[in-house]
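Okay, so here's the structure we're looking at.
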Protein chains: 2
Amino acid sequence: MNKKELYQLIVKKKSFLCVGLDTHIDLIPKHLLKYPDPVFEFNKAIIDATIDIAMGYKPNLAFYESMGLKGWESLHKTMEYLGKFKGEVFTIADAKRGDIGNTSKMYAKAFFEQMDFDSVTVAPYMGEDSVKPFLEYKDKWVILLGLTSNKGSNDFQFLETGNGKLYEQVITKAQQWGSPNQLMFVVGATHPEEFKNIRSIAPDYFYLVPGIGAQGGDMDKICENGLNDQCGLIINSARNIIFASTGEDFAAAARESALKTKLEMGKFIPTFSHQ
Amino acid sequence: MNKKELYQLIVKKKSFLCVGLDTHIDLIPKHLLKYPDPVFEFNKAIIDATIDIAMGYKPNLAFYESMGLKGWESLHKTMEYLGKFKGEVFTIADAKRGDIGNTSKMYAKAFFEQMDFDSVTVAPYMGEDSVKPFLEYKDKWVILLGLTSNKGSNDFQFLETGNGKLYEQVITKAQQWGSPNQLMFVVGATHPEEFKNIRSIAPDYFYLVPGIGAQGGDMDKICENGLNDQCGLIINSARNIIFASTGEDFAAAARESALKTKLEMGKFIPTFSHQ
């Protein structure tokens with residue numbers, strides 16, 4: 001999916017909400033355990049219940065990996081299912097990968113060829129050659145960690161480097177590697193005060209924003225400081241939506257929660273969708 | 001495996017050589033393709049040919065992930081096979097994972113519970129809560145990226161932070177999170193001039209050293225500057241050993257190459273093994 005298509009998808013759905021599929025067998029409603037692949041059944045139901053509300057889905061790889069081979073099967077099935085909606089949803093492999101060039105190339109194969117994700121999250125510590133192999137795929141995206149949502153983001157990301165903070169250096173330097181048509185940044189919702197500054201450093205890039213909801217981020221502040229004239233934000237919510245209920249009504253509850261979040265962003269849609 | 005057992009293993013084998021299992025179906029000898037799981041057959045033959053020479057094995061996760069579900073099966077089988085040598089080898093999941101706390105916890109489950117790796121490589125960018133969940137397992141290890149072997153290590157890791165370079169900050173700060181009994185650092189062989197400095201920052205920690213061989217690192221310099229009185233180094237070699245021959249003699253060629261590398265480190269063994 002290219003940037004124009006991504007933007008059109010957001011305008012059409014009137015939503016820049018991504019649903020995080022942080023799915024684990026121990027966390028899903030018990031009545032699903034009767035199915036051969038309960039995790040897939042859960043994801044399918046969540047997708048069906050939110051497909052007209054969410055512009056994207058973000059499986060969190062760790063949750064699937066923690067279930068071993070069975071988890072990978074559930075992930076593959078989920079991606080196959082999402083493949084039926086190709087062009088209607090943007091998919092993110094939240095994998096935080098990154099290694100030396102010849103190894104990152106293999107990770108790119110995993111997410112862009114073995115599975116058909118539109119994008120993958122990548123960690124910046126190892127620099128350019130760890131990111132480049134992902135950028136070699138047409139219409140696929142790297143979502144590079146900029147400023148993350150967790151407490152540990154304070155350990156290194158705010159270090160002063162003599163030329164801005166580390167996270168600013170990452171966001172500045174990475175723009176030499178990839179254009180706004182193939183590169184985004186992760187910017188956590190828990191740092192709303194940094195958004196204006198970040199938007200000025202990378203005006204035309206999309207940001208993937210985790211940390212709304214369970215982690216405490218504030219939607220309004222993020223939108224006020226982070227939106228640009230092509231939207232420029234993808235806001236992810238996982239637990240608040242997918243585990244809104246752990247009963248048999250989980251899908252309806254997820255829909256309701258997703259709709260609530262979509263409505264919260266509704267007032268911001270006209271700020272860019274006339275473009 | 002605890003630190004004492006790791007040290008004893010190295011002394012017993014007179015080797016701090018780890019064999020990198022960067023195995024991919026496209027790279028292995030063609031005659032293996034007749035087996036149901038050629039990648040596992042390859043790994044098994046490499047392990048059998050080097051088990052008395054190598055103190056450890058390091059599957060590179062990217063290579064397995066790039067083969068999809070089949071690759072994960074080969075990895076699981078390889079780990080099951082290595083399980084037969086428990087206590088005789090140290091296993092490293094070279095995965096470069098790291099995410100917010102509740103997600104890193106899931107990655108730890110994947111590598112320490114679903115599979116029985118002794119250690120996993122972790123990226124430091126997201127800070128303490130991204131590393132801690134891995135440290136909660138007794139006798140399991142985190143191998144945190146310090147200074148990596150690739151060209152991109154120059155992009156951020158050498159940035160001056162006002163209190164040392166970024167990689168020095170990472171190695172210094174992480175010592176507050178984990179002791180030398182559960183935490184190691186990745187230090188690439190391509191930076192031999194930095195080893196003395198790094199050894200002074202973290203005198204008692206083990207370093208995992210990639211970059212010997214194909215990437216151009218110099219064994220003698222690394223050993224002279226990096227060894228401590230409990231060895232303190234694990235030197236990884238992958239391509240030079242496992243792809244020493246791509247013919248039917250690949251296992252014998254791997255053994256010969258591993259033996260050569262072990263002999264190169266032989267003169268350094270007496271510097272610590274009397275301890």
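Chain lettering (A, B, ...) mirrors the order of the structure tokens, residue numbering begins at 1 for each chain separately, and ligand numbering begins at 1 in order of display.
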
(request) Pull out every residue of chain A sitting within 6 Å of chain B, counting only C-alpha atoms, and send them as a ChimeraX atom specification. (result) /A:62-63,65-66,68,100,106-107,109-110,114,126-129,150,152-153,155,160-161

Prev. selection, N, CA and C atoms, output as an mmCIF file, in the first residue's frame:
data_model
loop_
_atom_site.group_PDB
_atom_site.id
_atom_site.type_symbol
_atom_site.label_atom_id
_atom_site.label_comp_id
_atom_site.auth_asym_id
_atom_site.auth_seq_id
_atom_site.Cartn_x
_atom_site.Cartn_y
_atom_site.Cartn_z
ATOM 1 N N ALA A 62 5.088 -10.907 19.689
ATOM 2 C CA ALA A 62 5.486 -11.581 20.927
ATOM 3 C C ALA A 62 4.393 -12.510 21.438
ATOM 4 N N PHE A 63 3.152 -12.053 21.332
ATOM 5 C CA PHE A 63 2.045 -12.851 21.865
ATOM 6 C C PHE A 63 1.919 -14.177 21.112
ATOM 7 N N GLU A 65 4.445 -15.642 19.288
ATOM 8 C CA GLU A 65 5.669 -16.418 19.533
ATOM 9 C C GLU A 65 5.615 -17.131 20.877
ATOM 10 N N SER A 66 4.982 -16.490 21.853
ATOM 11 C CA SER A 66 4.943 -17.087 23.193
ATOM 12 C C SER A 66 4.099 -18.361 23.221
ATOM 13 N N GLY A 68 4.430 -20.630 20.803
ATOM 14 C CA GLY A 68 5.167 -21.632 20.022
ATOM 15 C C GLY A 68 4.597 -21.810 18.618
ATOM 16 N N ILE A 100 22.107 -7.043 11.592
ATOM 17 C CA ILE A 100 23.020 -6.680 10.507
ATOM 18 C C ILE A 100 22.329 -6.938 9.160
ATOM 19 N N MET A 106 16.568 -11.206 5.921
ATOM 20 C CA MET A 106 15.787 -12.413 6.221
ATOM 21 C C MET A 106 14.502 -12.051 6.985
ATOM 22 N N TYR A 107 14.607 -11.098 7.901
ATOM 23 C CA TYR A 107 13.392 -10.660 8.609
ATOM 24 C C TYR A 107 12.408 -10.016 7.623
ATOM 25 N N LYS A 109 12.067 -10.744 4.494
ATOM 26 C CA LYS A 109 11.445 -11.882 3.799
ATOM 27 C C LYS A 109 10.307 -12.469 4.637
ATOM 28 N N ALA A 110 10.563 -12.632 5.929
ATOM 29 C CA ALA A 110 9.578 -13.256 6.822
ATOM 30 C C ALA A 110 8.265 -12.472 6.819
ATOM 31 N N GLN A 114 6.870 -14.269 3.316
ATOM 32 C CA GLN A 114 6.186 -15.414 3.943
ATOM 33 C C GLN A 114 4.790 -15.010 4.393
ATOM 34 N N MET A 126 20.889 -0.492 15.695
ATOM 35 C CA MET A 126 21.964 -0.995 14.831
ATOM 36 C C MET A 126 22.161 -0.182 13.547
ATOM 37 N N GLY A 127 21.396 0.880 13.375
ATOM 38 C CA GLY A 127 21.680 1.822 12.302
ATOM 39 C C GLY A 127 21.224 1.423 10.903
ATOM 40 N N GLU A 128 21.756 2.160 9.936
ATOM 41 C CA GLU A 128 21.238 2.125 8.566
ATOM 42 C C GLU A 128 21.139 0.737 7.935
ATOM 43 N N ASP A 129 22.211 -0.049 7.991
ATOM 44 C CA ASP A 129 22.147 -1.325 7.263
ATOM 45 C C ASP A 129 21.169 -2.310 7.909
ATOM 46 N N ASN A 150 6.829 3.476 26.633
ATOM 47 C CA ASN A 150 7.058 2.858 27.953
ATOM 48 C C ASN A 150 7.971 3.697 28.850
ATOM 49 N N GLY A 152 10.755 2.862 30.169
ATOM 50 C CA GLY A 152 12.147 2.700 29.751
ATOM 51 C C GLY A 152 12.561 3.626 28.616
ATOM 52 N N SER A 153 11.614 4.291 27.980
ATOM 53 C CA SER A 153 11.972 5.264 26.936
ATOM 54 C C SER A 153 12.832 6.373 27.530
ATOM 55 N N ASP A 155 15.309 5.918 29.539
ATOM 56 C CA ASP A 155 16.674 5.465 29.829
ATOM 57 C C ASP A 155 17.691 5.968 28.800
ATOM 58 N N GLU A 160 20.947 13.514 25.655
ATOM 59 C CA GLU A 160 21.401 14.632 24.812
ATOM 60 C C GLU A 160 22.645 14.189 24.057
ATOM 61 N N THR A 161 22.622 14.360 22.755
ATOM 62 C CA THR A 161 23.751 13.883 21.944
ATOM 63 C C THR A 161 24.623 15.023 21.427
#

(request) Enumerate as a ChimeraX atom specification all residues of segment 40-151 of chain A assigned to alpha helix (DSSP H) by DSSP on the backbone, naming them with the chain letters and numbers the document uses. (result) /A:40-50,61-65,68-83,101-109,128-135

(request) Give me the residues within 9 Å of segment 195-199 of chain B as a count of residues only, counting only C-alpha atoms and dropping any in the same chain fewer than 5 places off. (result) 13

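Summary of the local environment: counting only C-alpha atoms, residues at most 10 Å from Ile212 of chain A, other than itself and those fewer than 6 positions away along its chain, are Ser149, Gly188, Ala189, Thr190, Asp218, Met219, Ile222, Ile235, Asn236, Ser237, Ala238, Arg239, Asn240 and Thr261 of chain A.
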